[in-house]
Every structure is written in structure tokens, then in C-alpha cells.
$ cat upload_6.txt   # compact mmCIF, C-alpha atoms
# COMPACT_ATOMS: atom_id res chain seq x y z
CA LEU F 1 0.00 0.00 0.00
CA SER F 2 1.12 3.59 -0.62
CA ILE F 3 1.46 6.10 2.24
CA ASP F 4 -1.59 7.97 0.94
CA LYS F 5 -3.70 4.79 0.92
CA CYS F 6 -2.55 3.82 4.41
CA SER F 7 -3.40 7.29 5.69
CA PHE F 8 -6.84 7.08 4.09
CA ILE F 9 -7.54 3.67 5.66
CA ILE F 10 -6.42 4.84 9.11
CA SER F 11 -8.44 8.08 8.90
CA ARG F 12 -11.60 6.21 7.85
CA THR F 13 -11.03 3.61 10.59
CA LYS F 14 -10.80 6.37 13.21
CA GLU F 15 -14.37 7.33 12.36
CA LYS F 16 -15.58 3.90 13.50
CA PHE F 17 -13.19 3.12 16.37
CA PRO F 18 -12.01 5.22 19.36
CA PRO F 19 -8.20 5.71 19.51
CA PHE F 20 -7.57 2.94 22.06
CA LYS F 21 -9.61 0.41 20.06
CA LEU F 22 -7.84 1.46 16.88
CA PHE F 23 -4.47 0.87 18.56
CA PHE F 24 -5.34 -2.71 19.51
CA LEU F 25 -6.86 -3.33 16.08
CA LEU F 26 -3.60 -2.31 14.41
CA ILE F 27 -1.53 -4.40 16.83
CA LEU F 28 -3.63 -7.49 16.13
CA SER F 29 -3.47 -6.91 12.38
CA PHE F 30 0.30 -6.54 12.22
CA SER F 31 0.89 -9.43 14.63
CA GLY F 32 -1.18 -11.61 12.30
CA PHE F 33 0.99 -10.64 9.33
CA THR F 34 4.11 -11.38 11.37
CA ASN F 35 2.94 -14.86 12.36
CA TYR F 36 2.16 -15.78 8.77
CA ALA F 37 5.59 -14.60 7.68
CA GLN F 38 7.27 -16.89 10.22
CA ALA F 39 5.72 -20.14 8.97
CA PRO F 40 3.80 -21.33 5.89
CA GLY F 41 0.18 -20.29 6.34
CA GLY F 42 0.93 -19.58 10.00
CA VAL F 43 1.40 -23.31 10.69
CA SER F 44 4.63 -23.57 12.68
CA ALA F 45 4.18 -26.70 14.85
CA GLY F 46 6.37 -29.54 13.61
CA LEU F 47 7.95 -27.51 10.79
CA GLN F 48 11.08 -29.50 9.87
CA ALA F 49 12.48 -27.86 6.74
CA TRP F 50 11.35 -24.99 4.53
CA TYR F 51 12.90 -23.76 1.30
CA LYS F 52 11.37 -20.90 -0.67
CA ALA F 53 12.75 -19.21 -3.75
CA ASP F 54 12.04 -15.69 -2.53
CA ALA F 55 14.32 -16.00 0.52
CA GLY F 56 17.61 -17.54 1.58
CA THR F 57 19.30 -18.02 -1.79
CA THR F 58 23.06 -17.49 -2.04
CA LEU F 59 24.07 -16.44 -5.55
CA SER F 60 27.21 -16.46 -7.63
CA GLY F 61 26.06 -14.42 -10.59
CA SER F 62 22.73 -16.04 -11.40
CA THR F 63 23.74 -19.47 -10.03
CA VAL F 64 22.28 -20.58 -6.70
CA THR F 65 25.18 -21.94 -4.67
CA GLY F 66 23.12 -22.36 -1.49
CA TRP F 67 19.49 -22.43 -0.38
CA LYS F 68 18.84 -21.63 3.27
CA ASP F 69 16.33 -23.53 5.35
CA GLN F 70 13.72 -21.03 6.60
CA SER F 71 12.39 -23.29 9.38
CA GLY F 72 15.14 -22.23 11.77
CA ASN F 73 16.47 -25.80 12.03
CA GLY F 74 19.55 -25.04 9.96
CA PHE F 75 19.10 -27.62 7.18
CA ASN F 76 20.80 -25.35 4.64
CA THR F 77 21.68 -26.78 1.23
CA THR F 78 24.70 -26.19 -1.01
CA GLU F 79 25.73 -27.15 -4.53
CA GLY F 80 28.60 -29.26 -3.24
CA SER F 81 30.86 -30.38 -6.08
CA TYR F 82 28.09 -29.79 -8.62
CA THR F 83 26.61 -26.59 -10.09
CA GLY F 84 23.53 -25.13 -8.48
CA PRO F 85 20.37 -24.20 -10.38
CA ALA F 86 19.86 -20.75 -11.86
CA PHE F 87 17.85 -18.12 -10.01
CA THR F 88 14.97 -16.87 -12.17
CA ASN F 89 13.17 -13.73 -11.00
CA ALA F 90 9.84 -14.38 -12.72
CA ALA F 91 9.78 -18.15 -13.09
CA CYS F 92 6.03 -18.49 -12.50
CA ASN F 93 3.25 -15.97 -11.90
CA TYR F 94 5.94 -13.29 -11.59
CA ASN F 95 7.40 -15.12 -8.60
CA PRO F 96 11.02 -16.31 -8.40
CA GLY F 97 12.08 -19.90 -8.83
CA LEU F 98 15.17 -22.08 -8.95
CA THR F 99 15.61 -23.29 -12.52
CA PHE F 100 17.07 -26.78 -12.96
CA ALA F 101 18.11 -27.13 -16.59
CA SER F 102 20.63 -29.99 -16.74
CA SER F 103 22.09 -32.99 -14.91
CA GLY F 104 24.68 -30.70 -13.35
CA ASN F 105 22.11 -28.55 -11.51
CA TYR F 106 21.84 -29.86 -7.99
CA LEU F 107 21.61 -28.90 -4.30
CA GLN F 108 22.09 -31.06 -1.23
CA ARG F 109 22.12 -31.06 2.55
CA ALA F 110 24.88 -33.37 3.75
CA ALA F 111 24.01 -36.55 5.67
CA PRO F 112 21.94 -37.08 7.73
CA GLY F 113 20.01 -34.65 5.53
CA ILE F 114 16.86 -33.13 7.01
CA PHE F 115 15.98 -36.11 9.23
CA THR F 116 17.50 -37.65 12.35
CA SER F 117 19.19 -40.88 11.34
CA GLY F 118 17.31 -43.87 12.76
CA ALA F 119 14.41 -41.80 14.10
CA SER F 120 10.88 -43.07 13.40
CA TYR F 121 8.42 -40.45 12.16
CA ASN F 122 4.77 -41.03 13.05
CA ASN F 123 3.84 -37.89 11.13
CA LEU F 124 5.40 -36.74 7.87
CA ASN F 125 3.93 -34.06 5.62
CA PHE F 126 5.39 -32.71 2.38
CA TYR F 127 4.38 -29.70 0.27
CA CYS F 128 6.04 -28.69 -2.98
CA VAL F 129 5.40 -26.02 -5.62
CA TYR F 130 7.06 -26.65 -8.98
CA ASN F 131 6.57 -26.60 -12.73
CA THR F 132 8.39 -28.86 -15.15
CA SER F 133 9.10 -28.46 -18.85
CA ASP F 134 9.77 -32.19 -19.28
CA GLY F 135 6.71 -34.43 -19.36
CA THR F 136 8.45 -37.59 -20.56
CA ASN F 137 11.78 -38.42 -18.93
CA PHE F 138 12.34 -40.06 -15.56
CA LYS F 139 13.54 -37.51 -12.97
CA TRP F 140 13.93 -36.83 -9.26
CA LEU F 141 12.84 -33.59 -7.62
CA THR F 142 13.71 -34.58 -4.03
CA TYR F 143 15.50 -37.60 -2.60
CA GLN F 144 16.87 -38.82 0.72
CA GLY F 145 17.56 -42.49 1.28
CA THR F 146 19.62 -45.56 0.46
CA GLY F 147 17.80 -46.60 -2.69
CA ALA F 148 17.84 -50.24 -1.58
CA GLY F 149 14.32 -51.49 -0.92
CA PHE F 150 12.88 -48.04 -1.51
CA ALA F 151 14.17 -46.90 1.90
CA ARG F 152 13.82 -43.31 0.83
CA PHE F 153 11.90 -40.07 1.03
CA SER F 154 11.46 -38.96 -2.57
CA GLN F 155 9.41 -37.36 -5.33
CA SER F 156 10.02 -38.85 -8.79
CA PHE F 157 8.42 -38.50 -12.22
CA ASN F 158 7.72 -40.83 -15.16
CA TYR F 159 9.37 -44.02 -13.94
CA SER F 160 9.67 -46.50 -16.87
CA GLY F 161 8.08 -43.85 -19.08
CA GLY F 162 4.78 -43.87 -17.20
CA PRO F 163 3.05 -40.47 -17.01
CA ASN F 164 2.93 -40.23 -13.23
CA CYS F 165 4.61 -38.78 -10.17
CA ASP F 166 5.42 -41.13 -7.29
CA MET F 167 5.51 -39.79 -3.73
CA ASP F 168 7.49 -42.22 -1.58
CA TYR F 169 8.05 -42.46 2.15
CA THR F 170 9.33 -45.99 1.35
CA THR F 171 7.43 -48.04 -1.21
CA THR F 172 4.79 -49.17 1.34
CA ASN F 173 3.75 -45.53 1.66
CA ARG F 174 3.69 -44.72 -2.07
CA LEU F 175 0.93 -42.60 -3.59
CA SER F 176 0.98 -41.39 -7.20
CA TYR F 177 -0.73 -38.85 -9.44
CA PRO F 178 -0.86 -38.45 -13.24
CA THR F 179 1.49 -35.93 -14.82
CA SER F 180 -0.28 -35.78 -18.20
CA GLY F 181 -1.25 -32.24 -19.14
CA ARG F 182 0.84 -30.75 -16.34
CA VAL F 183 3.85 -29.51 -18.30
CA ASN F 184 4.87 -25.85 -17.94
CA VAL F 185 2.11 -25.20 -15.43
CA PRO F 186 2.54 -24.57 -11.68
CA VAL F 187 1.59 -27.48 -9.43
CA ILE F 188 1.09 -27.61 -5.65
CA VAL F 189 1.58 -31.12 -4.26
CA SER F 190 0.48 -31.96 -0.69
CA TYR F 191 1.34 -35.37 0.78
CA LEU F 192 0.12 -36.07 4.33
CA ALA F 193 0.99 -39.11 6.44
CA SER F 194 0.24 -40.09 10.03
CA THR F 195 -0.15 -43.19 12.18
CA SER F 196 -3.42 -41.55 13.32
CA VAL F 197 -6.42 -41.05 11.07
CA ILE F 198 -6.23 -37.70 9.26
CA SER F 199 -9.54 -37.71 7.39
CA GLY F 200 -12.31 -40.31 7.25
CA THR F 201 -10.37 -43.56 7.59
CA SER F 202 -7.27 -42.34 5.74
CA LYS F 203 -3.78 -42.06 7.22
CA LEU F 204 -2.02 -41.29 3.94
CA LEU F 205 -3.39 -38.65 1.57
CA LEU F 206 -2.24 -37.00 -1.65
CA TYR F 207 -3.61 -33.67 -2.93
CA LEU F 208 -2.90 -31.79 -6.14
CA ASN F 209 -3.59 -28.06 -6.23
CA GLY F 210 -5.75 -28.51 -3.13
CA GLY F 211 -7.93 -31.28 -4.58
CA PRO F 212 -7.85 -34.90 -3.33
CA ILE F 213 -6.19 -37.41 -5.69
CA THR F 214 -5.79 -40.65 -3.74
CA SER F 215 -5.39 -41.98 -0.20
CA SER F 216 -4.62 -45.03 1.91
CA THR F 217 -5.83 -46.30 5.27
CA ALA F 218 -2.31 -47.41 6.30
CA TYR F 219 0.95 -45.60 7.01
CA THR F 220 4.18 -47.30 8.08
CA PRO F 221 6.34 -44.81 10.01
CA PHE F 222 9.24 -43.50 7.96
CA VAL F 223 12.69 -44.07 9.51
CA GLY F 224 15.27 -41.35 8.90
CA PRO F 225 18.11 -42.59 6.65
CA ASN F 226 21.70 -41.44 7.17
CA ASN F 227 21.99 -39.91 3.70
CA PRO F 228 22.05 -36.45 2.14
CA PHE F 229 18.83 -34.65 1.28
CA GLU F 230 18.98 -33.94 -2.46
CA ILE F 231 17.10 -31.43 -4.62
CA GLY F 232 17.07 -31.65 -8.41
CA ASN F 233 18.68 -35.07 -8.84
CA HIS F 234 19.89 -38.19 -7.03
CA VAL F 235 23.63 -38.81 -7.18
CA PHE F 236 24.89 -40.04 -3.80
CA THR F 237 23.83 -43.66 -3.24
CA SER F 238 23.55 -46.77 -5.35
CA GLY F 239 20.33 -48.60 -6.07
CA ASP F 240 18.59 -45.81 -7.99
CA PRO F 241 19.84 -44.07 -11.14
CA ALA F 242 20.69 -40.40 -11.44
CA ALA F 243 17.83 -38.59 -13.18
CA PRO F 244 17.86 -34.78 -13.27
CA PHE F 245 14.75 -32.71 -12.69
CA ILE F 246 14.09 -30.20 -15.48
CA GLY F 247 12.00 -27.18 -14.53
CA ASN F 248 11.45 -24.65 -11.75
CA VAL F 249 11.16 -25.28 -8.03
CA HIS F 250 9.45 -22.55 -6.01
CA GLU F 251 8.91 -24.00 -2.55
CA ILE F 252 9.56 -27.16 -0.53
CA ILE F 253 8.07 -27.62 2.94
CA VAL F 254 8.42 -30.62 5.28
CA TYR F 255 6.60 -31.14 8.59
CA THR F 256 7.32 -33.92 11.05
CA GLY F 257 4.39 -32.86 13.24
CA ALA F 258 0.76 -33.66 12.51
CA ASN F 259 -1.08 -31.51 9.94
CA SER F 260 -4.86 -31.41 10.08
CA ILE F 261 -6.94 -30.90 6.94
CA THR F 262 -7.60 -27.34 8.10
CA GLN F 263 -3.87 -26.68 8.45
CA LYS F 264 -3.25 -28.25 5.03
CA MET F 265 -5.75 -25.82 3.53
CA GLN F 266 -4.08 -22.89 5.29
CA ILE F 267 -0.69 -23.87 3.85
CA GLU F 268 -2.09 -24.46 0.35
CA SER F 269 -3.98 -21.15 0.36
CA TRP F 270 -0.82 -19.35 1.43
CA LEU F 271 1.14 -21.04 -1.38
CA ALA F 272 -1.55 -20.40 -4.00
CA VAL F 273 -1.61 -16.62 -3.60
CA LYS F 274 2.14 -16.25 -4.07
$ encode --input "upload_6.txt" --output "C-alpha cells"
Amino acid sequence: LSIDKCSFIISRTKEKFPPFKLFFLLILSFSGFTNYAQAPGGVSAGLQAWYKADAGTTLSGSTVTGWKDQSGNGFNTTEGSYTGPAFTNAACNYNPGLTFASSGNYLQRAAPGIFTSGASYNNLNFYCVYNTSDGTNFKWLTYQGTGAGFARFSQSFNYSGGPNCDMDYTTTNRLSYPTSGRVNVPVIVSYLASTSVISGTSKLLLYLNGGPITSSTAYTPFVGPNNPFEIGNHVFTSGDPAAPFIGNVHEIIVYTGANSITQKMQIESWLAVK
């Protein structure tokens, strides 16, 4: 808002509220904005890792050499011995994004990544905003795990040429959605898991742009692997091939605390207006 508009709003508000009520109204309003800035949609409980393109990027020219975790837990990523993605100011809806264009574009958080090695997670919730220009080739957007026996936390696309995206908290917790028709368009993925029922009888739910896609009544707690957390490719462990993501990544959010459906909607709404 401009100064003139703010002055107009305050002067009109004074007509309806005495000075002391106006003071508390302004305090409540600005405290609300502050809370929402500190966590996605104002949901802070159980926030494990949070990467957003409009904050925390370290640049060398236009190359992102590091992406800072905004959760406060310090899970900052670097390009390591690879080359980071490019920073694009208006990657989608005039919002910035990290552009992964080749197999060399990659970021990682060194082992044990963003999880505690050996810890069992009864709740695990993942949100991601991305758009991809490649609707055919197999690729990884995120990965942490050993590869052997699908002991991994990952988001992959088009395995064996199939037009789908697999969300894995190990293969027993896999849910998938079709990728057909979703090239060069922004997508919000929400993947909720809990040993307690989240909605109806479901303990594992997958949403796309806020709408339900599929679910499961069972969730086997994910155990943190002692491996790096990787963004844009998978290069560190055997068992799964390297497969670079091609496209823009705008936001990645991970919660290890429970997310209710209401909280999911808060986070998705907050992501959608960006």
C-alpha cells in the first residue's frame, strides 16, 4: 500500500473506532501478518524444513550456490561439487524460482540430511510447488535415502516412461498422481501421512492443487536414513539411477508434526496466492 492509501484507511477507521480500540486493532493486524511470515500459512508446529525461492538463496552471478532452510532448524543446502540451479526472478506468476536445466544442476544437505538418522516419524507431511518443462523423462525432484528397498523419502516422475509422479516415504507408503497435461504449469503437491487417522479412515493422503487425488488407510512410520537430502537429482547412493529434474522449483516444505486438513488448507492457500 502507498502512504496515501494507508493514511486514508487509518483516517476512515478512526471514524468507526475510538483511539484505544484502533491501537489494539492495528496491533492485532500486524501481529497476524508477522505470524504468517514466520511459517507457511501460520502453521509452525512440527515444521522440519522450509525452502522458498524468494528467501535464503546465495548467488554467484545467477547461479544458486546455497538455499537456506527457513524453518530455523539449519538444514541449509549447497551445490557441493556440482553446479547449483539458476535463479529466475519471474519463473512463475511473476514469482522467483530455482531453474534446474541440466544434470549438473543440484543442491544437497549433507548426511543425515533433514531427518534424524534412525528416528521413526509417526507424522510426515510434504508440500512442494514446482513446474516442469519435461513431461516424458524419468527424474527426481527430491531424494533422501539408500535406494535399496525403496528406503527413501522422494518425489520422482515418469518411472519407466509412465506419465505419473510417485511420492514415496518408502514403497509401502507410495501414492501417485498423473502428470499428463501438467507440463509448464505450476503445481502444488500436498502429501500427508500419520499413524493416526487424518480424514475419514485415511492415514495417507495426496492432494494436487488442493484437490484430493488418492489416499490409503495405512501408514508405516518412515525411519530417517543417514543420507544427504537432495534437490534436483539423485547422485549419492547406489540402487537408484541419477535422473535430473528439469524445470522450476518454487517452494519445498516438510513437517514432522501432525497436519490437520484445516492446516493443510491454510498452507495451500498461502502457497496459492504467491
$ residues_around --input "upload_6.txt" --residues "Thr237 (chain F)" --least-positions-apart "4" --cutoff "9 Å" --atoms "only C-alpha atoms" --output "compact mmCIF listing (two decimals) with C-alpha atoms, in the frame of the given file"
# COMPACT_ATOMS: atom_id res chain seq x y z
CA GLY F 145 17.56 -42.49 1.28
CA THR F 146 19.62 -45.56 0.46
CA GLY F 147 17.80 -46.60 -2.69
CA ASN F 227 21.99 -39.91 3.70
CA PRO F 241 19.84 -44.07 -11.14
$ residues_around --input "upload_6.txt" --residues "Trp140 (chain F)" --least-positions-apart "4" --cutoff "10 Å" --atoms "all atoms listed in the file" --output "compact mmCIF listing (two decimals) with C-alpha atoms, in the frame of the given file"
# COMPACT_ATOMS: atom_id res chain seq x y z
CA SER F 154 11.46 -38.96 -2.57
CA GLN F 155 9.41 -37.36 -5.33
CA SER F 156 10.02 -38.85 -8.79
CA PHE F 157 8.42 -38.50 -12.22
CA ASN F 158 7.72 -40.83 -15.16
CA TYR F 159 9.37 -44.02 -13.94
CA CYS F 165 4.61 -38.78 -10.17
CA ASP F 166 5.42 -41.13 -7.29
CA GLU F 230 18.98 -33.94 -2.46
CA ILE F 231 17.10 -31.43 -4.62
CA GLY F 232 17.07 -31.65 -8.41
CA ASN F 233 18.68 -35.07 -8.84
CA HIS F 234 19.89 -38.19 -7.03
CA PRO F 241 19.84 -44.07 -11.14
CA ALA F 242 20.69 -40.40 -11.44
CA ALA F 243 17.83 -38.59 -13.18
CA PRO F 244 17.86 -34.78 -13.27
CA PHE F 245 14.75 -32.71 -12.69
CA ILE F 246 14.09 -30.20 -15.48
$ closest_atom_pairs --input "upload_6.txt" --of "region 111-192 of chain F" --to "region 67-74 of chain F" --cutoff "12 Å" --atoms "all atoms listed in the file" --output "JSON lines"
{"residue": "F:Gly113", "atom": "CA", "partner": "F:Gly74", "partner_atom": "CA", "distance": 10.6}
{"residue": "F:Ile114", "atom": "CA", "partner": "F:Asn73", "partner_atom": "CA", "distance": 8.9}
{"residue": "F:Phe115", "atom": "CA", "partner": "F:Asn73", "partner_atom": "CA", "distance": 10.7}
{"residue": "F:Thr116", "atom": "CA", "partner": "F:Asn73", "partner_atom": "CA", "distance": 11.9}
$ write_last_selection --input "upload_6.txt" --atoms "C-alpha atoms" --output "CSV table (one decimal), in the coordinates of the input"
chain,number,residue,atom,x,y,z
F,113,GLY,CA,20.0,-34.6,5.5
F,114,ILE,CA,16.9,-33.1,7.0
F,115,PHE,CA,16.0,-36.1,9.2
F,116,THR,CA,17.5,-37.6,12.4
$ residues_near_point --input "upload_6.txt" --point "(4.5, -23.3, 7.0)" --cutoff "10 Å" --atoms "all atoms listed in the file" --output "VMD selection string"
chain F and resid 36 to 50 70 to 71 127 252 to 255 263 to 264 266 to 268 270 to 271
$ atom_distance --input "upload_6.txt" --atom1 "CA of Lys274 (chain F)" --atom2 "CA of Ala55 (chain F)"
13.0 Å
$ axis_aligned_box --input "upload_6.txt" --around "region 56-67 of chain F" --padding-each-side "3 Å" --output "AutoDock Vina command-line options"
--center_x 22.4 --center_y -18.4 --center_z -4.9 --size_x 15.6 --size_y 14.0 --size_z 19.0
